[in-house]
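Presented below is the structure to which this report refers.
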Amino acid sequence: MRLRLSLLSLGVLLALLLVGGAFQYVVLGPYLQRDAAAQLGTRYSTVMANELLVRRPVRSCATTGAGAVRPVLAGVVTPQYADCLVRALGAGAGQASVVVLAPDGGLVTAEPPSDYPTLPVTEYVTTAQKGPQRNHWLAASAGGQESLVILRVLRQNGRAVGMVQLGVSTALYEGTRRTLLTVLGLATGLLMLVAAVITPLLVGRALRPLHRVTEASTALAAGDLARRVEEPPRADELGTLARAFNRMAAAMQSALNLRSQSESRMRRFVADASHELRTPLTTIQGQLDLLRRGAADDPGARRHSLESMGRETQRMSAMVEDLLTLTRLDSAATGERETVSQAVDVNALVAETVEEQSVRAPEQRVDLELSGGGAPLVVAGDRDQLRRLVLNLANNALKYAPGGTHTWRSGRAGETVTLSLSDAGPGIPEADLPRIFDRFYRGVAEVSARATGSGLGLAIVRSIAEGHGGAATVANNPAGGATFTITLPAAD
């Protein structure tokens, strides 16, 4: 592209120089002709004004002796008068020719006497009768010498009595045109030589941002997703291209990251599901083998096996449902699925959950320290998901910290709503705190009641909180137990 643009620029420059030079050469010819004609006309007017008056003798005519009378114009141009006029007009004229004519175009006298330019007789007659119709003519002499000529009419008492033709060789201004042509040729060659050196440098500098975009594209195709190009401050095409490339690269990187995360989630889902389903499936398979070996004939053993398989089946169903819930939450977080947004009263959700748990665990003591005495504390989001979040926290406290007091607290600070649940249980080992919200994670020092869980409840809590633009955290209480805290963006 650099070579093509350089050649194109040089070609355009050469064409412009040639057209400009040709225009100057063509226009200069008529201009020089008009200038030469004007000079001849000025010379004629000067001589006629200073040396020749039609009613007085010709002062420039040499006398033949003392007291000789000089010729005067008396109704007709005599040869003597014409000779004196030629001598006056031709003095110091160099290559100029002077011709004096009668009104009918007949020759009276000329200088040079033989090789002088002539016009058609009709031109002389028309000029003598109607006056000068043209500024100048181009005429050739008998020897082939081309000259530029002007005609002036000699009048006496308003009547044409003769004509004067002044001519100058065209070689005088044709030499100027040839000189101009030479200068234009040399200047064009010099300019093209300089342009041939400078143009590739300028084109290369102008295309440098495009070269950077090309390098970044190559690096991006090779896997360097973080590669970007420097955006020039100007708002031209190259600046627009650089900004568009950076936006495209960012979008590509984001899309590939989302794809990688989706694939990672899928692999983790399959691995976790396979791992967690292995135990109940093994239990079911063992019970089936036991029944096939004869336990089916024993009513007590058969009932025990069926109850065991039923528990494992319920456990697998709950686990699959939780995994599907997490998958839907992940899809909503990445924009793959549209989320529901509505005004949700967090205090009302807590009150409903406590009421439900009072039926399931009437011996459990629950304290409510809700903001505004339970006045509406509104966030924007999916009510079913937020209800699931509150319910999972409550179930987790019932499972791992039974008997003690569970305290719900809520409040609003600026644009953030805070909801927390504190228990008086044994607390969480420090080694387990960083991973307590991970899927299928179980701590080393878990109680026997915890072994019946799937390890997905708190993972669902964190996913719901993050899906609503918030966060889920946990910390041990100084006096014992743990506190789970949920922060969500407030809504009016």
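Each chain in the structure tokens gets a letter, A, B, ..., in the order shown, and its residues are numbered from 1; ligands are numbered from 1 in order too.
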For A:Leu291, find every residue with an atom within 12 Å (counting only C-alpha atoms), except residues of its own chain fewer than 3 positions away, and show them as an NGL selection string. :A and (284-288 or 294-306 or 309)
Go ahead and write the residues just picked, all heavy atoms, as a tab-separated table (two decimals), in the first residue's frame.
chain	number	residue	atom	x	y	z
A	284	ILE	N	-27.82	-46.66	46.02
A	284	ILE	CA	-28.97	-47.30	45.37
A	284	ILE	C	-28.57	-48.61	44.72
A	284	ILE	O	-29.28	-49.63	44.79
A	284	ILE	CB	-29.58	-46.33	44.34
A	284	ILE	CG1	-30.20	-45.12	45.06
A	284	ILE	CG2	-30.63	-47.01	43.48
A	284	ILE	CD1	-30.70	-44.05	44.13
A	285	GLN	N	-27.37	-48.57	44.03
A	285	GLN	CA	-26.90	-49.79	43.38
A	285	GLN	C	-26.67	-50.90	44.42
A	285	GLN	O	-27.00	-52.07	44.20
A	285	GLN	CB	-25.59	-49.51	42.63
A	285	GLN	CG	-25.04	-50.71	41.86
A	285	GLN	CD	-25.98	-51.15	40.75
A	285	GLN	OE1	-26.54	-50.31	40.05
A	285	GLN	NE2	-26.17	-52.45	40.60
A	286	GLY	N	-26.12	-50.52	45.61
A	286	GLY	CA	-25.90	-51.52	46.65
A	286	GLY	C	-27.20	-52.10	47.16
A	286	GLY	O	-27.30	-53.31	47.42
A	287	GLN	N	-28.19	-51.26	47.37
A	287	GLN	CA	-29.47	-51.75	47.83
A	287	GLN	C	-30.14	-52.66	46.81
A	287	GLN	O	-30.76	-53.67	47.15
A	287	GLN	CB	-30.40	-50.57	48.16
A	287	GLN	CG	-29.93	-49.71	49.32
A	287	GLN	CD	-29.88	-50.46	50.62
A	287	GLN	OE1	-30.65	-51.43	50.85
A	287	GLN	NE2	-28.97	-50.06	51.51
A	288	LEU	N	-29.99	-52.30	45.51
A	288	LEU	CA	-30.56	-53.17	44.48
A	288	LEU	C	-29.86	-54.53	44.47
A	288	LEU	O	-30.50	-55.59	44.30
A	288	LEU	CB	-30.44	-52.49	43.10
A	288	LEU	CG	-31.35	-51.27	42.88
A	288	LEU	CD1	-31.02	-50.62	41.54
A	288	LEU	CD2	-32.81	-51.68	42.90
A	294	GLY	N	-31.63	-61.71	47.61
A	294	GLY	CA	-32.60	-62.39	48.46
A	294	GLY	C	-33.23	-61.51	49.50
A	294	GLY	O	-34.17	-61.93	50.18
A	295	ALA	N	-32.75	-60.30	49.70
A	295	ALA	CA	-33.35	-59.44	50.71
A	295	ALA	C	-34.76	-59.06	50.37
A	295	ALA	O	-35.54	-58.65	51.25
A	295	ALA	CB	-32.48	-58.18	50.89
A	296	ALA	N	-35.13	-59.21	49.09
A	296	ALA	CA	-36.49	-58.86	48.70
A	296	ALA	C	-37.53	-59.77	49.35
A	296	ALA	O	-38.71	-59.41	49.48
A	296	ALA	CB	-36.62	-58.94	47.17
A	297	ASP	N	-37.08	-60.97	49.74
A	297	ASP	CA	-38.02	-61.91	50.38
A	297	ASP	C	-38.25	-61.57	51.85
A	297	ASP	O	-39.22	-62.04	52.45
A	297	ASP	CB	-37.48	-63.34	50.27
A	297	ASP	CG	-37.36	-63.77	48.81
A	297	ASP	OD1	-38.13	-63.23	47.98
A	297	ASP	OD2	-36.48	-64.60	48.50
A	298	ASP	N	-37.37	-60.77	52.44
A	298	ASP	CA	-37.51	-60.36	53.83
A	298	ASP	C	-38.23	-59.02	53.87
A	298	ASP	O	-37.69	-58.01	53.39
A	298	ASP	CB	-36.12	-60.25	54.47
A	298	ASP	CG	-36.20	-59.93	55.96
A	298	ASP	OD1	-37.32	-59.70	56.47
A	298	ASP	OD2	-35.12	-59.87	56.59
A	299	PRO	N	-39.44	-58.97	54.45
A	299	PRO	CA	-40.18	-57.69	54.45
A	299	PRO	C	-39.43	-56.57	55.14
A	299	PRO	O	-39.42	-55.42	54.67
A	299	PRO	CB	-41.47	-58.04	55.19
A	299	PRO	CG	-41.63	-59.52	55.00
A	299	PRO	CD	-40.24	-60.08	55.00
A	300	GLY	N	-38.75	-56.86	56.24
A	300	GLY	CA	-38.02	-55.80	56.95
A	300	GLY	C	-36.85	-55.28	56.14
A	300	GLY	O	-36.62	-54.06	56.03
A	301	ALA	N	-36.07	-56.20	55.55
A	301	ALA	CA	-34.93	-55.79	54.74
A	301	ALA	C	-35.39	-55.05	53.49
A	301	ALA	O	-34.77	-54.07	53.05
A	301	ALA	CB	-34.08	-57.00	54.37
A	302	ARG	N	-36.52	-55.54	52.90
A	302	ARG	CA	-37.02	-54.87	51.69
A	302	ARG	C	-37.45	-53.45	52.01
A	302	ARG	O	-37.17	-52.52	51.27
A	302	ARG	CB	-38.19	-55.69	51.14
A	302	ARG	CG	-38.72	-55.11	49.83
A	302	ARG	CD	-39.76	-56.01	49.18
A	302	ARG	NE	-40.93	-56.18	50.04
A	302	ARG	CZ	-41.26	-57.33	50.62
A	302	ARG	NH1	-40.47	-58.41	50.47
A	302	ARG	NH2	-42.34	-57.42	51.38
A	303	ARG	N	-38.17	-53.27	53.13
A	303	ARG	CA	-38.61	-51.92	53.51
A	303	ARG	C	-37.41	-51.01	53.79
A	303	ARG	O	-37.38	-49.84	53.39
A	303	ARG	CB	-39.52	-52.02	54.75
A	303	ARG	CG	-40.11	-50.66	55.14
A	303	ARG	CD	-41.12	-50.79	56.28
A	303	ARG	NE	-40.51	-51.35	57.48
A	303	ARG	CZ	-40.71	-52.61	57.89
A	303	ARG	NH1	-41.47	-53.43	57.19
A	303	ARG	NH2	-40.13	-53.06	59.00
A	304	HIS	N	-36.39	-51.54	54.46
A	304	HIS	CA	-35.20	-50.74	54.74
A	304	HIS	C	-34.50	-50.31	53.45
A	304	HIS	O	-34.07	-49.16	53.31
A	304	HIS	CB	-34.24	-51.56	55.62
A	304	HIS	CG	-32.93	-50.85	55.86
A	304	HIS	ND1	-32.80	-49.78	56.73
A	304	HIS	CD2	-31.69	-51.06	55.31
A	304	HIS	CE1	-31.55	-49.35	56.73
A	304	HIS	NE2	-30.84	-50.13	55.88
A	305	SER	N	-34.41	-51.24	52.50
A	305	SER	CA	-33.75	-50.91	51.23
A	305	SER	C	-34.53	-49.86	50.45
A	305	SER	O	-33.96	-48.91	49.89
A	305	SER	CB	-33.58	-52.17	50.38
A	305	SER	OG	-32.72	-53.09	51.01
A	306	LEU	N	-35.87	-50.03	50.44
A	306	LEU	CA	-36.68	-49.07	49.70
A	306	LEU	C	-36.61	-47.68	50.36
A	306	LEU	O	-36.55	-46.65	49.66
A	306	LEU	CB	-38.13	-49.54	49.65
A	306	LEU	CG	-38.38	-50.80	48.77
A	306	LEU	CD1	-39.84	-51.25	48.88
A	306	LEU	CD2	-38.01	-50.50	47.33
A	309	MET	N	-33.24	-46.19	49.43
A	309	MET	CA	-33.22	-45.73	48.03
A	309	MET	C	-34.09	-44.49	47.86
A	309	MET	O	-33.78	-43.59	47.07
A	309	MET	CB	-33.69	-46.85	47.11
A	309	MET	CG	-32.66	-47.96	46.93
A	309	MET	SD	-33.12	-49.16	45.65
A	309	MET	CE	-34.53	-49.96	46.43
Enumerate the residues of stretch 349-470 of chain A with a DSSP assignment of strand (DSSP E or B), computed from the backbone, and present them as a ChimeraX atom specification. /A:366-369,378-381,406-413,416-422
I'd like the neighbourhood of stretch 96-103 of chain A as a ChimeraX atom specification, where a residue qualifies if any of its atoms comes within 10 Å (using only C-alpha atoms), though same-chain residues fewer than 2 positions away should be ignored. /A:40,76-79,81-83,85-94,105-113,115-118,124-129,147-149,151-155,159-169
Taking 3 positions as the minimum chain separation for residues in the same chain, which residues sit within 9 Å of A:Leu386 when counting only C-alpha atoms? Answer as number ranges by chain. A: 344, 346, 349, 381-383, 389-391, 461, 464-465, 468
If I take atom CA of A:Val203 and atom CA of A:Ser6, how far is one from the other in Å, to one decimal?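 Those two atoms sit 6.6 Å apart.
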Skipping near chain neighbours, those fewer than 5 positions away, what residues fall within 8 Å of A:Tyr25 using only C-alpha atoms, listed as a VMD selection string? chain A and resid 177 180 to 181
A:Gly425 surroundings by only C-alpha atoms, 10 Å radius, close-in-sequence under 5 positions cut, as a PyMOL selection string: chain A and resi 397-398+400-406+476-477+480-482
If you run DSSP over the backbone, which residues in stretch 83-226 of chain A end up alpha helix (DSSP H)? Put them as a ChimeraX atom specification. /A:83-90,121-130,171-206,208-221
May I have the residues within 12 Å of A:Asp224 as a list in words, using only C-alpha atoms and disregarding those fewer than 3 positions away in the same chain?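 That gives Glu215, Ala216, Ser217, Thr218, Ala219, Leu220, Ala221, Arg227, Arg228, Ala249, Ala250, Met252, Gln253 and Leu256 of chain A.
Compared by their closest atoms to A:Leu207, and using only C-alpha atoms, the residues A:Glu174, A:Ala242, A:Arg387, A:Leu17 rank with A:Ala242 nearest.
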